[in-house]
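Below: one structure, written as structure tokens.
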Amino acid sequence: MPADAVTCATLGAHTISSVTSLHVQDTAAIEDVHDIAPELIDDQARCLLEDMPVGAIKAGPFYSADAVRTVAQIAADYSDVPLLLHLAAPSRAFSDDDHNLEEVVSSLFELLLPQTDVVVIDDGLLAHWQTEGLVPGGAPTHPATALLNFGAQWVMTTNAQIRPGQWAHVLRGPDKQMFHWPRQPLPSGYSTMTAP
């Protein structure tokens, strides 16, 4: 959330937030995930959406199907507001009895993708989901096609290998439109949080 706030501020926008889960984490990993009750997610989001004009909704990552269902209903009620869906790898803390990745991904495909204007997901994560059988719809040429087939207008896959040794961020859209931008390496001293 702080990164989103800084990014939006540099673009001249103001962010408002409704938390769907709390992480216990440091710069290396997420140690634990605590879900926020759906009623609280709904109350906070609607409080903010009714307080001021909102130019877009960014949602995700998600750790529970309840959170997905809640956000899907909010997005449906505010269908005139563009929806950006950020899908991320679950942490090690996700693999416990309280969290079911298959149920979360299924809810995303059924409830949120049909309402989504732009999906952002790491290319390797999307390929992993396809290998694990979590991406429905057969075996399209690229798993991003499945996201488009489920209703997303555009899909941005980050860190995609477009040829040996060359990585890019790839945007796919309607009518097989495709654009890509070279991936810029992070400055030294930065690290990204990854999960197996």
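Each chain in the structure tokens gets a letter, A, B, ..., in the order shown, and its residues are numbered from 1; ligands are numbered from 1 in order too.
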
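Residues in contact with A:Leu22 at 9 Å, where only C-alpha atoms are counted and same-chain residues fewer than 6 positions away are skipped, are listed as Asp32, Val33, His34, Asp35 and Ile36 of chain A.
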
Preceding selection exported with N, CA and C atoms as a JSON list (two decimals), in the first residue's frame:
[["chain", "number", "residue", "atom", "x", "y", "z"],
["A", 32, "ASP", "N", 3.18, -14.26, 8.08],
["A", 32, "ASP", "CA", 1.82, -14.66, 8.43],
["A", 32, "ASP", "C", 0.84, -13.73, 7.74],
["A", 33, "VAL", "N", -0.35, -14.23, 7.47],
["A", 33, "VAL", "CA", -1.41, -13.45, 6.84],
["A", 33, "VAL", "C", -2.66, -13.55, 7.71],
["A", 34, "HIS", "N", -3.25, -12.39, 8.00],
["A", 34, "HIS", "CA", -4.48, -12.35, 8.78],
["A", 34, "HIS", "C", -5.57, -11.73, 7.91],
["A", 35, "ASP", "N", -6.60, -12.49, 7.62],
["A", 35, "ASP", "CA", -7.70, -12.00, 6.79],
["A", 35, "ASP", "C", -8.53, -10.97, 7.56],
["A", 36, "ILE", "N", -9.00, -9.98, 6.84],
["A", 36, "ILE", "CA", -9.93, -9.00, 7.40],
["A", 36, "ILE", "C", -11.34, -9.52, 7.12]]

- Task: Give me the residues within 9 Å of A:Val19 as number ranges by chain, counting only C-alpha atoms and dropping any in the same chain fewer than 3 places off.
- Result: A: 1, 22, 36, 40-41, 44-45

Let me see the file: selected residues, C-alpha atoms, as an mmCIF file, in the first residue's frame.
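Saved the output as result22.cif:
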data_model
loop_
_atom_site.group_PDB
_atom_site.id
_atom_site.type_symbol
_atom_site.label_atom_id
_atom_site.label_comp_id
_atom_site.auth_asym_id
_atom_site.auth_seq_id
_atom_site.Cartn_x
_atom_site.Cartn_y
_atom_site.Cartn_z
ATOM 1 C CA MET A 1 0.000 0.000 0.000
ATOM 2 C CA LEU A 22 -2.753 -7.848 7.183
ATOM 3 C CA ILE A 36 -9.927 -9.002 7.398
ATOM 4 C CA LEU A 40 -15.101 -4.654 7.466
ATOM 5 C CA ILE A 41 -13.705 -4.703 3.922
ATOM 6 C CA GLN A 44 -14.423 0.636 4.684
ATOM 7 C CA ALA A 45 -14.470 0.473 0.872
#

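Candidate residues A:Val119, A:Val105, A:Ala29, A:Leu11 were compared for distance to A:Ile57, and the nearest is A:Val119, using only C-alpha atoms.
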
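Near A:Thr70, within 8 Å and counting only C-alpha atoms, sit Pro38, Ile41, Asp42, Asp66, Ala67, Val68, Ala72, Gln73 and Ile74 of chain A, not including residues fewer than 2 positions from it in the same chain.
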
Please produce an output containing N, CA and C atoms for each residue in the selection, written as a PDB file, in the first residue's frame.
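Listing of again_25.pdb after writing:
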ATOM      1  N   PRO A  38     -14.990  -9.887   5.893  1.00  0.00           N
ATOM      2  CA  PRO A  38     -15.625  -9.305   4.701  1.00  0.00           C
ATOM      3  C   PRO A  38     -16.479  -8.071   5.011  1.00  0.00           C
ATOM      4  N   ILE A  41     -14.178  -5.092   5.259  1.00  0.00           N
ATOM      5  CA  ILE A  41     -13.705  -4.703   3.922  1.00  0.00           C
ATOM      6  C   ILE A  41     -14.791  -3.898   3.218  1.00  0.00           C
ATOM      7  N   ASP A  42     -16.003  -4.416   3.246  1.00  0.00           N
ATOM      8  CA  ASP A  42     -17.129  -3.774   2.575  1.00  0.00           C
ATOM      9  C   ASP A  42     -17.426  -2.400   3.177  1.00  0.00           C
ATOM     10  N   ASP A  66     -13.544 -15.184   0.375  1.00  0.00           N
ATOM     11  CA  ASP A  66     -14.489 -14.212   0.943  1.00  0.00           C
ATOM     12  C   ASP A  66     -14.115 -12.789   0.544  1.00  0.00           C
ATOM     13  N   ALA A  67     -12.820 -12.476   0.591  1.00  0.00           N
ATOM     14  CA  ALA A  67     -12.374 -11.143   0.182  1.00  0.00           C
ATOM     15  C   ALA A  67     -12.655 -10.920  -1.304  1.00  0.00           C
ATOM     16  N   VAL A  68     -12.423 -11.943  -2.128  1.00  0.00           N
ATOM     17  CA  VAL A  68     -12.702 -11.830  -3.568  1.00  0.00           C
ATOM     18  C   VAL A  68     -14.189 -11.554  -3.787  1.00  0.00           C
ATOM     19  N   ALA A  72     -15.689  -8.224  -5.428  1.00  0.00           N
ATOM     20  CA  ALA A  72     -16.458  -8.397  -6.672  1.00  0.00           C
ATOM     21  C   ALA A  72     -17.808  -7.699  -6.573  1.00  0.00           C
ATOM     22  N   GLN A  73     -18.465  -7.777  -5.425  1.00  0.00           N
ATOM     23  CA  GLN A  73     -19.753  -7.102  -5.261  1.00  0.00           C
ATOM     24  C   GLN A  73     -19.582  -5.587  -5.262  1.00  0.00           C
ATOM     25  N   ILE A  74     -18.528  -5.109  -4.620  1.00  0.00           N
ATOM     26  CA  ILE A  74     -18.250  -3.664  -4.623  1.00  0.00           C
ATOM     27  C   ILE A  74     -17.982  -3.200  -6.052  1.00  0.00           C
TER      28      ILE A  74
END

Contacts of stretch 13-107 of chain A with stretch 140-150 of chain A up to 12 Å, shortest pair per row, only C-alpha atoms, as CSV:
residue,atom,partner,partner_atom,distance
A:Leu85,CA,A:Leu147,CA,11.1
A:Leu87,CA,A:Leu147,CA,11.4
A:Val105,CA,A:Leu147,CA,11.3
A:Ser106,CA,A:Phe150,CA,11.2
A:Ser107,CA,A:Phe150,CA,11.7
